[in-house]
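Visitor: Structure: structure_0.cif, mmCIF, C-alpha atoms.
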```cif
data_target
#
loop_
_atom_site.group_PDB
_atom_site.id
_atom_site.type_symbol
_atom_site.label_atom_id
_atom_site.label_comp_id
_atom_site.auth_asym_id
_atom_site.auth_seq_id
_atom_site.Cartn_x
_atom_site.Cartn_y
_atom_site.Cartn_z
ATOM 1 C CA MET Z 129 53.997 -4.729 20.606
ATOM 2 C CA SER Z 130 51.992 -6.899 18.255
ATOM 3 C CA LEU Z 131 49.457 -4.166 17.540
ATOM 4 C CA SER Z 132 49.069 -3.306 13.872
ATOM 5 C CA LEU Z 133 49.827 0.170 12.568
ATOM 6 C CA VAL Z 134 46.115 0.953 12.227
ATOM 7 C CA GLU Z 135 45.475 -0.204 15.820
ATOM 8 C CA ARG Z 136 48.328 1.915 17.143
ATOM 9 C CA LEU Z 137 47.140 4.936 15.169
ATOM 10 C CA ALA Z 138 43.618 4.409 16.528
ATOM 11 C CA ALA Z 139 44.978 4.242 20.100
ATOM 12 C CA ALA Z 140 47.040 7.408 19.609
ATOM 13 C CA LYS Z 141 44.013 9.186 18.212
ATOM 14 C CA ALA Z 142 41.750 8.031 21.057
ATOM 15 C CA ALA Z 143 44.306 9.315 23.572
ATOM 16 C CA LYS Z 144 44.612 12.567 21.563
ATOM 17 C CA ASP Z 145 48.341 11.890 21.601
ATOM 18 C CA MET Z 146 49.620 13.399 18.357
ATOM 19 C CA GLY Z 147 53.201 12.528 19.277
ATOM 20 C CA ALA Z 148 52.296 8.848 19.285
ATOM 21 C CA LEU Z 149 50.773 9.291 15.831
ATOM 22 C CA VAL Z 150 54.213 10.262 14.547
ATOM 23 C CA ASP Z 151 56.150 7.735 16.639
ATOM 24 C CA VAL Z 152 54.640 4.713 14.888
ATOM 25 C CA ILE Z 153 56.013 5.812 11.495
ATOM 26 C CA PRO Z 154 59.815 5.341 11.324
ATOM 27 C CA TYR Z 155 60.359 7.831 8.483
ATOM 28 C CA ALA Z 156 58.287 10.530 10.259
ATOM 29 C CA LYS Z 157 60.474 10.067 13.339
ATOM 30 C CA TRP Z 158 63.652 10.224 11.276
ATOM 31 C CA LEU Z 159 62.521 13.484 9.644
ATOM 32 C CA GLY Z 160 61.925 14.905 13.129
ATOM 33 C CA LEU Z 161 58.175 15.408 12.755
ATOM 34 C CA SER Z 162 55.872 16.094 15.700
ATOM 35 C CA GLY Z 163 52.214 16.993 15.905
ATOM 36 C CA LYS Z 164 50.310 19.287 18.203
ATOM 37 C CA ILE Z 165 46.827 20.790 18.364
ATOM 38 C CA GLU Z 166 46.603 24.590 18.272
ATOM 39 C CA ASP Z 167 43.158 26.187 18.380
ATOM 40 C CA GLY Z 168 41.634 22.968 17.108
ATOM 41 C CA ALA Z 169 44.067 22.700 14.190
ATOM 42 C CA LEU Z 170 46.667 19.944 13.867
ATOM 43 C CA ILE Z 171 50.049 21.551 13.189
ATOM 44 C CA THR Z 172 52.896 19.280 12.109
ATOM 45 C CA THR Z 173 56.387 20.538 12.955
ATOM 46 C CA MET Z 174 59.604 19.427 11.267
ATOM 47 C CA THR Z 175 62.301 20.278 13.796
ATOM 48 C CA PHE Z 176 65.468 21.454 12.100
ATOM 49 C CA ALA Z 177 68.367 19.001 11.985
ATOM 50 C CA PRO Z 178 71.521 19.027 9.806
ATOM 51 C CA HIS Z 179 70.475 15.929 7.822
ATOM 52 C CA LEU Z 180 67.542 17.900 6.321
ATOM 53 C CA VAL Z 181 69.814 20.344 4.493
ATOM 54 C CA GLY Z 182 69.821 20.294 0.708
ATOM 55 C CA ASN Z 183 71.980 23.331 0.026
ATOM 56 C CA PRO Z 184 74.601 24.191 2.683
ATOM 57 C CA ALA Z 185 75.781 27.234 0.701
ATOM 58 C CA LEU Z 186 72.518 29.195 1.043
ATOM 59 C CA PRO Z 187 71.816 27.390 3.440
ATOM 60 C CA ALA Z 188 68.433 25.800 2.686
ATOM 61 C CA LEU Z 189 66.412 22.696 3.454
ATOM 62 C CA HIS Z 190 66.181 19.946 0.838
ATOM 63 C CA GLY Z 191 62.997 20.284 -1.221
ATOM 64 C CA GLY Z 192 62.236 16.616 -0.683
ATOM 65 C CA THR Z 193 61.970 17.152 3.070
ATOM 66 C CA LEU Z 194 59.302 19.829 2.504
ATOM 67 C CA GLY Z 195 57.373 17.476 0.232
ATOM 68 C CA ALA Z 196 57.606 14.719 2.837
ATOM 69 C CA LEU Z 197 56.536 17.096 5.630
ATOM 70 C CA MET Z 198 53.479 18.258 3.694
ATOM 71 C CA GLU Z 199 52.508 14.756 2.597
ATOM 72 C CA SER Z 200 52.763 13.631 6.240
ATOM 73 C CA ALA Z 201 50.766 16.636 7.480
ATOM 74 C CA ALA Z 202 48.010 15.739 5.004
ATOM 75 C CA VAL Z 203 47.980 12.116 6.197
ATOM 76 C CA PHE Z 204 47.894 13.215 9.861
ATOM 77 C CA GLU Z 205 44.999 15.562 9.115
ATOM 78 C CA LEU Z 206 43.060 12.716 7.496
ATOM 79 C CA LEU Z 207 43.798 10.373 10.413
ATOM 80 C CA TYR Z 208 42.865 13.086 12.908
ATOM 81 C CA ARG Z 209 39.568 14.094 11.290
ATOM 82 C CA ALA Z 210 38.299 10.772 9.962
ATOM 83 C CA GLU Z 211 35.758 8.849 12.030
ATOM 84 C CA SER Z 212 37.368 5.498 11.388
ATOM 85 C CA ILE Z 213 41.069 4.887 10.955
ATOM 86 C CA VAL Z 214 41.937 4.044 7.382
ATOM 87 C CA LEU Z 215 45.480 4.294 6.110
ATOM 88 C CA PRO Z 216 45.359 6.935 3.372
ATOM 89 C CA LYS Z 217 47.317 5.962 0.263
ATOM 90 C CA THR Z 218 48.799 8.824 -1.716
ATOM 91 C CA ILE Z 219 47.599 8.869 -5.330
ATOM 92 C CA THR Z 220 49.140 12.183 -6.432
ATOM 93 C CA ILE Z 221 50.871 15.091 -4.745
ATOM 94 C CA THR Z 222 51.804 18.395 -6.347
ATOM 95 C CA VAL Z 223 54.288 20.540 -4.479
ATOM 96 C CA ASP Z 224 54.807 24.225 -5.242
ATOM 97 C CA TYR Z 225 58.048 25.662 -3.913
ATOM 98 C CA LEU Z 226 57.552 29.345 -3.128
ATOM 99 C CA ARG Z 227 60.660 30.374 -1.228
ATOM 100 C CA SER Z 228 63.960 28.920 -0.221
ATOM 101 C CA ALA Z 229 63.410 27.245 3.169
ATOM 102 C CA ALA Z 230 65.832 28.398 5.858
ATOM 103 C CA THR Z 231 67.571 25.958 8.204
ATOM 104 C CA VAL Z 232 65.028 26.402 11.012
ATOM 105 C CA ASP Z 233 61.877 24.581 12.173
ATOM 106 C CA THR Z 234 59.140 24.262 9.552
ATOM 107 C CA TYR Z 235 55.405 23.957 10.196
ATOM 108 C CA ALA Z 236 52.638 22.472 8.064
ATOM 109 C CA LEU Z 237 48.859 22.524 8.220
ATOM 110 C CA GLY Z 238 46.635 20.320 6.071
ATOM 111 C CA THR Z 239 43.059 21.216 5.133
ATOM 112 C CA ILE Z 240 40.665 18.609 3.783
ATOM 113 C CA THR Z 241 39.030 20.242 0.778
ATOM 114 C CA ARG Z 242 36.846 17.266 -0.014
ATOM 115 C CA HIS Z 243 36.480 13.853 1.584
ATOM 116 C CA GLY Z 244 34.650 11.486 -0.723
ATOM 117 C CA ARG Z 245 33.878 7.807 -0.345
ATOM 118 C CA ARG Z 246 37.013 6.726 -2.163
ATOM 119 C CA VAL Z 247 39.184 9.820 -2.552
ATOM 120 C CA ALA Z 248 40.128 12.699 -0.270
ATOM 121 C CA ASN Z 249 41.614 15.979 -1.510
ATOM 122 C CA VAL Z 250 43.894 17.767 0.955
ATOM 123 C CA SER Z 251 45.715 21.063 0.533
ATOM 124 C CA VAL Z 252 48.723 21.838 2.692
ATOM 125 C CA ILE Z 253 50.621 24.990 3.522
ATOM 126 C CA ALA Z 254 54.149 25.022 4.992
ATOM 127 C CA TRP Z 255 55.786 27.994 6.654
ATOM 128 C CA GLN Z 256 58.648 28.942 8.969
ATOM 129 C CA GLU Z 257 58.813 32.115 11.055
ATOM 130 C CA ASP Z 258 55.994 33.943 9.292
ATOM 131 C CA ARG Z 259 52.808 32.082 8.481
ATOM 132 C CA ALA Z 260 51.892 34.770 5.939
ATOM 133 C CA LYS Z 261 55.019 33.861 3.951
ATOM 134 C CA PRO Z 262 54.661 30.178 3.112
ATOM 135 C CA VAL Z 263 57.795 28.363 1.896
ATOM 136 C CA ALA Z 264 55.760 25.758 0.004
ATOM 137 C CA THR Z 265 52.227 24.570 -0.646
ATOM 138 C CA ALA Z 266 50.911 21.220 -1.805
ATOM 139 C CA VAL Z 267 47.725 19.575 -2.924
ATOM 140 C CA ALA Z 268 47.307 15.818 -2.686
ATOM 141 C CA HIS Z 269 44.783 13.135 -3.487
ATOM 142 C CA PHE Z 270 44.523 10.081 -1.258
ATOM 143 C CA LEU Z 271 42.733 6.782 -1.612
ATOM 144 C CA VAL Z 272 40.817 6.473 1.655
ATOM 145 C CA MET Z 273 39.037 3.135 1.290
ATOM 146 C CA ALA Z 274 39.272 0.499 3.998
ATOM 147 C CA GLU Z 275 41.900 -2.179 3.292
ATOM 148 C CA GLN Z 276 40.648 -4.820 0.915
ATOM 149 C CA GLN Z 277 42.148 -7.479 -1.267
ATOM 150 C CA GLY Z 278 43.715 -6.006 -4.362
ATOM 151 C CA ALA Z 279 43.055 -2.416 -3.279
ATOM 152 C CA MET U 1205 82.295 15.618 -24.716
ATOM 153 C CA ASP U 1206 84.425 12.453 -24.989
ATOM 154 C CA ASP U 1207 84.005 9.483 -22.645
ATOM 155 C CA GLU U 1208 86.897 10.488 -20.427
ATOM 156 C CA ALA U 1209 85.537 13.996 -19.916
ATOM 157 C CA LYS U 1210 82.076 12.607 -19.227
ATOM 158 C CA ARG U 1211 83.411 10.155 -16.665
ATOM 159 C CA GLU U 1212 85.401 12.882 -14.925
ATOM 160 C CA ARG U 1213 82.398 15.161 -14.929
ATOM 161 C CA ARG U 1214 80.267 12.415 -13.384
ATOM 162 C CA LEU U 1215 82.863 11.616 -10.718
ATOM 163 C CA ALA U 1216 83.272 15.279 -9.855
ATOM 164 C CA PHE U 1217 79.540 15.680 -9.659
ATOM 165 C CA ASN U 1218 79.220 12.617 -7.424
ATOM 166 C CA ARG U 1219 81.851 13.941 -5.036
ATOM 167 C CA ALA U 1220 80.301 17.384 -4.939
ATOM 168 C CA PHE U 1221 76.853 15.881 -4.575
ATOM 169 C CA ALA U 1222 77.801 13.632 -1.670
ATOM 170 C CA SER U 1223 79.640 16.339 0.197
ATOM 171 C CA SER U 1224 77.333 19.247 -0.563
ATOM 172 C CA VAL U 1225 73.853 17.772 -0.137
ATOM 173 C CA PRO U 1226 73.577 16.492 3.436
ATOM 174 C CA HIS U 1227 70.030 15.225 2.996
ATOM 175 C CA ASN U 1228 70.974 13.050 0.018
ATOM 176 C CA ARG U 1229 73.850 11.612 2.031
ATOM 177 C CA ALA U 1230 71.466 10.993 4.949
ATOM 178 C CA LEU U 1231 69.043 9.192 2.650
ATOM 179 C CA GLY U 1232 71.898 7.160 1.176
ATOM 180 C CA VAL U 1233 71.195 8.356 -2.368
ATOM 181 C CA GLU U 1234 73.933 7.779 -4.941
ATOM 182 C CA ILE U 1235 74.375 8.726 -8.568
ATOM 183 C CA ILE U 1236 74.710 5.763 -10.908
ATOM 184 C CA ASP U 1237 74.834 7.669 -14.172
ATOM 185 C CA LEU U 1238 74.652 11.200 -15.430
ATOM 186 C CA GLY U 1239 74.314 12.237 -19.062
ATOM 187 C CA ALA U 1240 73.838 15.431 -21.040
ATOM 188 C CA ASP U 1241 70.170 15.623 -20.104
ATOM 189 C CA PHE U 1242 69.460 12.761 -17.684
ATOM 190 C CA ALA U 1243 70.327 11.404 -14.252
ATOM 191 C CA LEU U 1244 70.056 7.880 -12.823
ATOM 192 C CA PHE U 1245 69.981 7.586 -9.022
ATOM 193 C CA ARG U 1246 69.901 4.684 -6.586
ATOM 194 C CA LEU U 1247 68.281 4.692 -3.149
ATOM 195 C CA PRO U 1248 69.146 1.696 -0.951
ATOM 196 C CA TYR U 1249 66.420 0.320 1.314
ATOM 197 C CA ALA U 1250 66.758 1.342 4.978
ATOM 198 C CA GLU U 1251 64.650 0.761 8.090
ATOM 199 C CA HIS U 1252 64.458 4.463 8.979
ATOM 200 C CA LEU U 1253 62.808 5.235 5.629
ATOM 201 C CA VAL U 1254 59.818 2.979 6.306
ATOM 202 C CA GLY U 1255 56.336 4.510 6.231
ATOM 203 C CA ASN U 1256 54.336 1.484 7.290
ATOM 204 C CA PRO U 1257 56.071 -0.757 9.845
ATOM 205 C CA ASP U 1258 53.509 -3.548 9.239
ATOM 206 C CA THR U 1259 54.551 -3.973 5.632
ATOM 207 C CA GLY U 1260 58.069 -2.477 5.682
ATOM 208 C CA VAL U 1261 57.197 -0.366 2.633
ATOM 209 C CA MET U 1262 59.144 2.906 2.283
ATOM 210 C CA HIS U 1263 57.325 6.188 2.928
ATOM 211 C CA GLY U 1264 56.016 8.101 -0.083
ATOM 212 C CA GLY U 1265 57.961 11.140 1.106
ATOM 213 C CA VAL U 1266 61.221 9.264 0.487
ATOM 214 C CA ILE U 1267 60.226 8.687 -3.138
ATOM 215 C CA THR U 1268 59.363 12.409 -3.352
ATOM 216 C CA ALA U 1269 62.831 13.362 -2.097
ATOM 217 C CA LEU U 1270 64.503 10.893 -4.483
ATOM 218 C CA LEU U 1271 62.569 12.147 -7.539
ATOM 219 C CA ASP U 1272 63.166 15.787 -6.555
ATOM 220 C CA SER U 1273 66.923 15.215 -6.269
ATOM 221 C CA CYS U 1274 67.164 13.148 -9.429
ATOM 222 C CA SER U 1275 65.136 15.674 -11.453
ATOM 223 C CA GLY U 1276 67.291 18.523 -10.163
ATOM 224 C CA ALA U 1277 70.428 16.603 -11.147
ATOM 225 C CA ALA U 1278 69.060 16.079 -14.676
ATOM 226 C CA VAL U 1279 68.564 19.846 -14.967
ATOM 227 C CA PHE U 1280 71.984 20.544 -13.517
ATOM 228 C CA ALA U 1281 73.590 18.065 -15.900
ATOM 229 C CA SER U 1282 71.965 19.779 -18.865
ATOM 230 C CA LEU U 1283 73.325 23.243 -18.025
ATOM 231 C CA ALA U 1284 76.158 24.484 -20.200
ATOM 232 C CA ARG U 1285 77.924 25.631 -17.042
ATOM 233 C CA PRO U 1286 77.031 25.208 -13.356
ATOM 234 C CA ALA U 1287 74.385 27.615 -12.043
ATOM 235 C CA PRO U 1288 72.026 27.566 -9.079
ATOM 236 C CA ILE U 1289 68.627 25.990 -9.754
ATOM 237 C CA ALA U 1290 65.473 25.834 -7.654
ATOM 238 C CA THR U 1291 62.494 23.495 -7.846
ATOM 239 C CA LEU U 1292 59.394 25.450 -8.851
ATOM 240 C CA ASP U 1293 56.930 22.587 -8.692
ATOM 241 C CA LEU U 1294 56.908 18.838 -8.709
ATOM 242 C CA ARG U 1295 53.920 16.591 -9.292
ATOM 243 C CA ILE U 1296 54.222 12.950 -8.310
ATOM 244 C CA ASP U 1297 51.891 10.107 -9.239
ATOM 245 C CA TYR U 1298 52.165 7.063 -6.991
ATOM 246 C CA LEU U 1299 51.470 4.095 -9.231
ATOM 247 C CA LYS U 1300 52.199 1.162 -6.928
ATOM 248 C CA PRO U 1301 53.852 0.577 -3.548
ATOM 249 C CA ALA U 1302 57.606 0.009 -3.460
ATOM 250 C CA ALA U 1303 58.456 -3.564 -2.447
ATOM 251 C CA ALA U 1304 59.752 -3.901 1.126
ATOM 252 C CA GLY U 1305 63.474 -4.500 1.440
ATOM 253 C CA ARG U 1306 64.354 -3.458 -2.092
ATOM 254 C CA GLU U 1307 66.376 -0.526 -3.423
ATOM 255 C CA VAL U 1308 64.647 2.016 -5.650
ATOM 256 C CA LEU U 1309 66.101 3.496 -8.834
ATOM 257 C CA ALA U 1310 65.124 6.846 -10.319
ATOM 258 C CA ARG U 1311 65.702 8.160 -13.818
ATOM 259 C CA ALA U 1312 65.014 11.784 -14.662
ATOM 260 C CA THR U 1313 65.224 13.572 -18.010
ATOM 261 C CA CYS U 1314 65.415 17.300 -18.579
ATOM 262 C CA TYR U 1315 63.416 17.405 -21.804
ATOM 263 C CA LYS U 1316 63.104 21.154 -22.270
ATOM 264 C CA GLN U 1317 65.066 24.183 -21.205
ATOM 265 C CA THR U 1318 64.161 27.807 -21.761
ATOM 266 C CA ARG U 1319 66.027 30.910 -20.652
ATOM 267 C CA ASN U 1320 64.467 30.835 -17.170
ATOM 268 C CA VAL U 1321 62.816 27.460 -16.707
ATOM 269 C CA ALA U 1322 63.705 23.777 -17.206
ATOM 270 C CA PHE U 1323 61.163 20.956 -17.418
ATOM 271 C CA THR U 1324 61.697 17.379 -16.279
ATOM 272 C CA ARG U 1325 60.100 13.939 -16.324
ATOM 273 C CA ALA U 1326 61.139 11.206 -13.943
ATOM 274 C CA VAL U 1327 60.233 7.676 -12.855
ATOM 275 C CA ALA U 1328 61.061 5.639 -9.758
ATOM 276 C CA TYR U 1329 61.220 1.851 -10.219
ATOM 277 C CA HIS U 1330 62.763 -1.425 -9.050
ATOM 278 C CA ASP U 1331 63.716 -3.305 -12.234
ATOM 279 C CA ASP U 1332 61.741 -1.934 -15.122
ATOM 280 C CA GLU U 1333 61.312 1.722 -16.060
ATOM 281 C CA ASP U 1334 58.108 0.733 -17.843
ATOM 282 C CA ASP U 1335 56.625 -0.617 -14.606
ATOM 283 C CA PRO U 1336 57.262 2.358 -12.294
ATOM 284 C CA ILE U 1337 56.503 2.851 -8.611
ATOM 285 C CA ALA U 1338 55.984 6.568 -9.216
ATOM 286 C CA SER U 1339 56.277 9.084 -12.005
ATOM 287 C CA ALA U 1340 56.965 12.807 -11.713
ATOM 288 C CA ALA U 1341 56.813 16.010 -13.736
ATOM 289 C CA GLY U 1342 58.862 18.972 -12.549
ATOM 290 C CA ALA U 1343 59.660 22.580 -13.366
ATOM 291 C CA PHE U 1344 62.860 24.282 -12.193
ATOM 292 C CA MET U 1345 63.895 27.919 -12.153
ATOM 293 C CA LEU U 1346 67.311 28.572 -13.614
ATOM 294 C CA SER U 1347 69.307 31.276 -11.957
ATOM 295 C CA THR U 1348 70.421 34.158 -14.092
ATOM 296 C CA LYS U 1349 72.847 35.281 -11.407
ATOM 297 C CA LEU U 1350 75.776 33.686 -13.194
ATOM 298 C CA GLY U 1351 74.845 35.083 -16.574
ATOM 299 C CA ASN U 1352 73.961 33.088 -19.638
ATOM 300 C CA VAL U 1353 73.088 29.430 -18.991
ATOM 301 C CA ALA U 1354 72.349 28.395 -22.551
ATOM 302 C CA PRO U 1355 71.237 24.755 -22.883
ATOM 303 C CA ILE U 1356 73.458 22.100 -24.364
ATOM 304 C CA LYS U 1357 71.907 20.945 -27.641
ATOM 305 C CA GLY U 1358 71.566 17.214 -27.039
ATOM 306 C CA PRO U 1359 74.370 14.758 -26.225
ATOM 307 C CA SER U 1360 77.656 15.871 -27.717
#
```
Have the structure of the file written as structure tokens, please.
Guide:
Amino acid sequence: MSLSLVERLAAAKAAKDMGALVDVIPYAKWLGLSGKIEDGALITTMTFAPHLVGNPALPALHGGTLGALMESAAVFELLYRAESIVLPKTITITVDYLRSAATVDTYALGTITRHGRRVANVSVIAWQEDRAKPVATAVAHFLVMAEQQGA
Amino acid sequence: MDDEAKRERRLAFNRAFASSVPHNRALGVEIIDLGADFALFRLPYAEHLVGNPDTGVMHGGVITALLDSCSGAAVFASLARPAPIATLDLRIDYLKPAAAGREVLARATCYKQTRNVAFTRAVAYHDDEDDPIASAAGAFMLSTKLGNVAPIKGPS
């Protein structure tokens, strides 16, 4: 396993194996993320696990896990749609928390609003049982230039 | 508040925090300091938090979770009495990658509190707050369920 991350991501993408996309990123695995294609859209799922809980009294998921899910969903969308594999680097992310997130599976879908030469803008929506009632939304900017010295 | 009361408050908060926030415990987050309007957190480096296995650099989402927690703690610390709070929004600017293998510190300040909303600023860094890995601006809803949650006017 001496393949680089970019090479492994490229292989996963070529094989249309969204699970492999997640498997190469330790933190994504630890969060319990998985990816699947539904009607041509890449849906990222964060399977519920006790270590994701932020408030056991409600109970509710930790807000940070929702941010991480949506940031990951945006990155996966960029990797999935882009013609060449470039590791997107997050510049900014703004997360809006709309509802308390229950201790169940959470889904996220990223939409590329604009993909420029240097920067991509991706908006993300996260929901649980009812897609019409999002628990959080996010908008993020990524640097999407090929790796170069000092980038 | 005198030093003894502050220390006890911090210890109590740390215990409650560790036992009541499973995700923070899972991340390994600990509170280093807590004041009338600020919180200082530490996140030890761990393999399962890595975003890029080639470089060993932690995932941006981990920094998001750390800054969210730390900002929430700064709000909580600034409340006159404990009340539920909820993150309304959080904007994070990633300024440079975290160094592989190193712990990350976060300092958050609750710089303004109104009847319903509290506002925070936070930075994540290794050694120097003025050379941050990420900076964040947050807004939190304050619950009115427990009645009046008037802000503490500065450090007492």
Visitor: Identify all residues satisfying the PyMOL selection byres ((chain U and resi 1267) around 10) in the given file; provide them as a list of chain:residue names.
Guide: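 Expected selection for the PyMOL selection byres ((chain U and resi 1267) around 10) here is Z:Gly192, Z:Gly195, Z:Ala196, U:Leu1247, U:Leu1253, U:Met1262, U:His1263, U:Gly1264, U:Gly1265, U:Val1266, U:Thr1268, U:Ala1269, U:Leu1270, U:Leu1271, U:Asp1272, U:Ser1273, U:Ile1296, U:Tyr1298, U:Ala1302, U:Val1308, U:Leu1309, U:Ala1310, U:Val1327, U:Ala1328, U:Tyr1329, U:Ile1337, U:Ala1338, U:Ser1339.
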Visitor: If we draw a sphere of 12 Å around (54.2, -3.3, 8.5), which residues have at least one atom in it when counting all atoms listed in the file? Please report them as a VMD selection string.
Guide: (chain Z and resid 130 to 136 152 to 154 215) or (chain U and resid 1251 1254 to 1263 1303 to 1305)
Visitor: What lies within 9 Å of Gln1317 in chain U using all atoms listed in the file, ignoring chain neighbours under 3 positions off, as a ChimeraX atom specification?
Guide: /U:1279,1282-1283,1314,1320-1323,1354-1355
Visitor: List as a tab-separated table every residue of chain Z that is in contact with chain U, defined as an atom at most 6 Å from one of its atoms (using all atoms listed in the file), together with the nearest atom pair and the distance in Å rounded to one decimal, sorted by chain and then rising number.
Guide:
```
residue	atom	partner	partner_atom	distance
Z:Ile153	CA	U:Gly1255	CA	5.4
Z:Pro154	CA	U:His1252	CA	5.3
Z:Tyr155	CA	U:Leu1253	CA	4.6
Z:His179	CA	U:His1227	CA	4.9
Z:Leu180	CA	U:His1227	CA	4.9
Z:Val181	CA	U:His1227	CA	5.3
Z:Gly182	CA	U:Val1225	CA	4.8
Z:Asn183	CA	U:Val1225	CA	5.9
Z:Gly192	CA	U:Ala1269	CA	3.6
Z:Ala196	CA	U:Gly1265	CA	4.0
Z:Ile219	CA	U:Tyr1298	CA	5.2
Z:Thr220	CA	U:Asp1297	CA	4.4
Z:Ile221	CA	U:Ile1296	CA	5.3
Z:Thr222	CA	U:Arg1295	CA	4.1
Z:Val223	CA	U:Leu1294	CA	5.3
Z:Asp224	CA	U:Asp1293	CA	4.4
Z:Tyr225	CA	U:Leu1292	CA	5.1
```
Visitor: Quick one: pull the distance between CA of Gly160 in chain Z and CA of Phe204 in chain Z, Å, one decimal.
Guide: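 These two atoms are separated by 14.5 Å.
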Visitor: Find, counting all atoms listed in the file, the residue in Z:Gln256, Z:Asn249, Z:Ser212, Z:Thr265 that gets nearest to Asp233 in chain Z.
Guide: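 Checking each candidate against Asp233 in chain Z, we get Z:Gln256 as the closest.
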Visitor: Would you mind telling me which residue in Z:Met273, Z:Ala229, Z:Ala139, Z:Met174 lies nearest to Pro216 in chain Z when using only C-alpha atoms?
Guide: Z:Met273
Visitor: If you measure from CA of Pro178 in chain Z to CA of Asp258 in chain Z, what distance in Å do you get, rounded to one decimal?
Guide: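 CA of Asp258 in chain Z lies 21.5 Å from CA of Pro178 in chain Z.
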Visitor: Identify the residues within 6 Å of coordinate (50.0, 15.1, 17.9) (same frame as the file), considering all atoms listed in the file, and give the answer as a ChimeraX atom specification.
Guide: /Z:145-147,163-164
Visitor: Quick one: 5 Å padding each side, axis-aligned, all listed atoms of range 1272-1275 of chain U - centre and edge lengths in Å to one decimal, as JSON?
Guide:
```
{"center_x": 65.2, "center_y": 14.5, "center_z": -8.9, "size_x": 14.0, "size_y": 12.6, "size_z": 15.2}
```
Visitor: Which is closer to Cys1274 in chain U than all the others in Z:Met198, Z:Ser162, Z:Thr173, Z:Gly191, using only C-alpha atoms?
Guide: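 Using only C-alpha atoms, the shortest distance to Cys1274 in chain U belongs to Z:Gly191.
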Visitor: For CA of Asp1241 in chain U and CA of Leu189 in chain Z, determine how far apart the two atoms are, in Å to one decimal place.
Guide: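 Taking CA of Asp1241 in chain U as the start and CA of Leu189 in chain Z as the end point, the length is 24.9 Å.
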Visitor: I need the output of the PyMOL selection byres ((chain Z and resi 214) around 12) for this file as number ranges by chain; which residues are they?
Guide: Z: 133-138, 203-204, 206-213, 215-217, 245-248, 270-276
Visitor: Counting only C-alpha atoms, figure out which residue out of Z:Ala177, Z:Ala143, Z:Ile171, Z:Leu161 gets nearest to Leu197 in chain Z.
Guide: Z:Leu161
Visitor: Between U:Leu1346, U:Ala1326, U:Ile1236, U:Ala1277, single out the one closest to Arg1311 in chain U, counting all atoms listed in the file.
Guide: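 Nearest candidate to Arg1311 in chain U out of U:Leu1346, U:Ala1326, U:Ile1236, U:Ala1277: U:Ala1326.
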